Structures are given as C-alpha cells and as structure tokens.
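> Here it is, the structure, as structure tokens.
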Amino acid sequence: MSPAGRDACTLLDGATHAGVSEATASRVLAGSRPVGDALRSRVLASASALAYTPNPHARALARSRDASIALVVHDVTDPYFSEVARGALATAREAGRTVVISDTGRDLGRELEVVRRARAQRVEALVLAGSGSADRAARERLGAELLAFERSGGRAALVGRHLVAGDCVRPDNVLAGRLLGDHLVALGHRVVGVVAGPDGLTASDDRFAGLLSALTSGAAPAQVHVRAGDFTRDGGEVAAGELVALAPGLTAIVALNDQMAIGALAALRRRGRRVPDDVALCGIDDIPVARDLVPALTTVRVPMVELGRRAVELVLDAKVHTRRDECLCVELVVRQSTAGVGTAGVGTAGVGTVKAAR
C-alpha cells in the first residue's frame, strides 16, 4: 500500500520516497532524458518498493496536443474584440474546433502568462488579438514566448501589428486615420481635437500617424489638439471634455475608436455642443452600435469579423511554413455626425472608399 494509505501508488509517492522531484522521477521512469546511474537506481528502487505502475492514460494525455484554439483578447467587453471573436468562433466551428477565450485586461504580464499556459497545456493553436506594444522589453518577452510555443509544435497568429515575428493579419490603421483626416479637411475643419489611445500601442500610434499626416500636410494645415483616452467609452468622455476646455474653438473631434467616440458624444451633449452643427465627430472601427447613435457616427469600417476568421485560418493551415503578413483594407463610412464647418447635415468625403449612411 502507498504511504498515503491508497491502494495505488502515484508518481508523487515514488518521487517523495526517492527524495527527488516529481519531474525528475517522471524523466527517470520514462527514460526521456539521461540521468546519473545513482539517481536512476534510487528512483527505480523506490518504484519497485512501492509497486509503482505508470498510468498509461496519463502518459497518453501528456503526449497528446489539445485540439482547441486559444483566443487571447485585451478586453472581451470591447465590441471590437467581440467582433473579432465572432469571426474566429465561426471559422473554428466550421473546422470542428473549440475556442477558449482569455481576457488580459490589457495587462502585458497577463498576456505573457496566457501564452506560457497555452504552451504548457500543449494547445494546438493560439490567436493573439490586440494591439502590439512598442515597449521593447515587453515585445522581446512576447516574441520569445511565441517562439517557444511554436517550437513545441503549436501554431500562432497575431491580429494587429505586433513588433514580433509571426503570422499576422491586421487592418490598415494608417489608412484609417488618413481617411478621416482627408474627410475633415475637405469639410473645412482646421481646428481638430483628437482622442488618442493609450501610449505605446501600435494601433493607436498608426491611426494617429495617418490622421496627423492628412490634417497637417495640406496648404492650410489644421491645428491639432490631443488628449489620451484608454479605448473605453468613459475614457473618451473624459478626454473629449478636456479637449473642449483646452480649445473652445475646435470644430471637429476624432476619436481613435468608436467606443471613445460614444463617450465624446456624451461629453459634447453635456456641454451644449451640438453634433455636427457645432462640432463634427467621428471614430474608427464601425462597431455595430455606431449606426444607431443619434446622430449616426461617421467612422472607418475595420473588417473585424474577417480579422478573426482569417487569423484562425492561418493557424489551421499547417501546409504553409513561411511567415505571412496580411493587411486588410478599411473604408470610410460617412453618416450624420460630420458636416462642413458652420453647416448641418452630412458632408462629402475627401478620399477613399465611401459608403452612404445606412
């Protein structure tokens, strides 16, 4: 009988009897790695004394790979990630796979831990959805974890521009910003407030770069005032309120995602600023509720569902062994929240693909 009084001896019982770790006992009994003769003899003697028999089911499970797909998002309550997840779930369902979703709360440490756990649990495929970090140390750690995951036999894909090696599918965020900038310039706006995203995220940096280029590169460059948000509705409300106080004469506000644009709309209403008569307002993403706002939100449509679908297709395509980097196009959707300076109604777009309000 085992030391614990059970009928069957466990690996832990044998390891404790031999005075070694459970991992060491497992390696000796499996013969997976070379060990010293004295150590091997001690472990084998303990196994014999306790009548230890390896569990074939446990060994088979340890050697197998979990066929599920791990989807890692920054914030599962954010409509952007919900739409990405919708696409990923649809494609996984068609392939007969289960998706396990993890929410990191935009915490880089937690993101790393989820990747480590996926490798330890031998998950077959990993989709990391969310903006890449410009922090060099953070991206080096993430890159090392993803490389270890792939070397262990897993397949990984990134949604968004990450500064690490790996298969990637991303929206053209620079174009998204440029389309909005050109739209506002064509409508005559020259004092523009920007509700930016968190510092050091590639999605926010790319959208802002495209927007700033369009607003300031013409013959009559716009004055641009910036306040940082956190990609949430409440963050957008706070930042928009600060912009109105900072630049009372601004005629337009651009939020770098629709969630923050919703908050900005609330801030403008609270201060008696009419949209679009006093201040034009636009966002990026075209989340489902954008068309139902009053006024309906002018935005740039990001193919969120397609991003999720394509990322899952990449990790399930075992035939391709080269790195893939796919950039999906975005399009400007003009609705009632933007108009020319001093006018009411919907203006016309400057450049890019334009779809009428629905």
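By order of appearance in the structure tokens: chains A, B, ..., then residues from 1 within every chain, and ligands from 1 in the order shown.
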Residues at most 7 Å from region 260-265 of chain A, counting only C-alpha atoms, excluding those fewer than 6 positions away in the same chain, as a list in words?
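Close residues of region 260-265 of chain A: Phe231, Thr232, Arg233, Asp234, Gly235, Gly236, Glu237, Ala240, Cys282 and Gly283 of chain A.
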> Please provide the set of residues having any atom within 9 Å of Val294 (chain A), restricted to only C-alpha atoms, with same-chain residues fewer than 2 positions apart removed, written as a PyMOL selection string.
chain A and resi 275+291-292+296-297+336-337
> Ranking A:Asp13, A:Ala186, A:Arg86, A:Ile69 by minimum distance to Ala156 (chain A) and counting only C-alpha atoms, which one comes first?
A:Ile69
> Name the residues in contact with Arg227 (chain A) at a cut-off of 9 Å, using only C-alpha atoms, excluding same-chain residues fewer than 6 positions from it; report them as a PDB file with C-alpha atoms, in the first residue's frame.

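This went into result_26.pdb:
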```pdb
ATOM      1  CA  GLY A 193      -9.298  67.618 -31.357  1.00  0.00           C
ATOM      2  CA  VAL A 194      -8.043  64.041 -31.189  1.00  0.00           C
ATOM      3  CA  VAL A 195      -8.959  61.497 -28.530  1.00  0.00           C
ATOM      4  CA  ALA A 196      -5.938  59.216 -28.857  1.00  0.00           C
ATOM      5  CA  GLY A 197      -5.487  55.717 -27.495  1.00  0.00           C
ATOM      6  CA  ALA A 239     -10.656  63.212 -22.923  1.00  0.00           C
ATOM      7  CA  ALA A 240     -13.282  64.996 -25.050  1.00  0.00           C
ATOM      8  CA  GLU A 242     -10.613  68.156 -21.684  1.00  0.00           C
ATOM      9  CA  LEU A 243     -10.337  68.983 -25.392  1.00  0.00           C
TER      10      LEU A 243
END
```
> Report the distance between CA of Val123 (chain A) and CA of Val100 (chain A) in Å, rounded to one decimal place.
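Pair CA of Val123 (chain A) / CA of Val100 (chain A) returns 10.1 Å.
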> Name the residues of region 244-300 of chain A that come out as strand (DSSP E or B) in a backbone DSSP run; write them as a VMD selection string.
chain A and resid 252 to 255 280 to 282 285 298 to 300
> Write the residues you've just listed into a file as a PDB file, in the first residue's frame, and include C-alpha atoms for each of them.

```
ATOM      1  CA  ALA A 252     -14.200  68.590 -35.021  1.00  0.00           C
ATOM      2  CA  ILE A 253     -13.180  65.719 -32.762  1.00  0.00           C
ATOM      3  CA  VAL A 254     -11.709  62.428 -33.929  1.00  0.00           C
ATOM      4  CA  ALA A 255     -11.732  59.504 -31.506  1.00  0.00           C
ATOM      5  CA  ALA A 280     -18.195  67.226 -36.142  1.00  0.00           C
ATOM      6  CA  LEU A 281     -17.435  63.847 -34.564  1.00  0.00           C
ATOM      7  CA  CYS A 282     -16.025  60.628 -35.976  1.00  0.00           C
ATOM      8  CA  ASP A 285     -13.941  50.570 -36.250  1.00  0.00           C
ATOM      9  CA  THR A 298     -19.162  58.741 -39.234  1.00  0.00           C
ATOM     10  CA  THR A 299     -16.395  56.187 -38.869  1.00  0.00           C
ATOM     11  CA  VAL A 300     -13.911  53.963 -40.673  1.00  0.00           C
TER      12      VAL A 300
END
```
> For Gly218 (chain A), please output as a VMD selection string all residues within 12 Å (counting only C-alpha atoms; exclusion window: fewer than 5 positions along the same chain).
chain A and resid 181 to 182 185 to 186 188 190 212 to 213 223
> Would you kindly return, as a count of residues only, each protein, DNA or RNA residue with an atom no farther than 12 Å from any atom of region 307-310 of chain A, considering only C-alpha atoms and excluding same-chain residues fewer than 5 positions away?
47
> List the neighbours of Ala118 (chain A) out to 12 Å using only C-alpha atoms; skip same-chain residues closer than 3 positions along the sequence, and give me the result as number ranges by chain.
A: 65-72, 100-102, 111-115, 121-128, 145-146, 148-150, 152-156
> Separation of CA of Pro276 (chain A) and CA of Leu175 (chain A), in Å?
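Spanning CA of Pro276 (chain A) to CA of Leu175 (chain A) is a straight-line distance of 23.3 Å.
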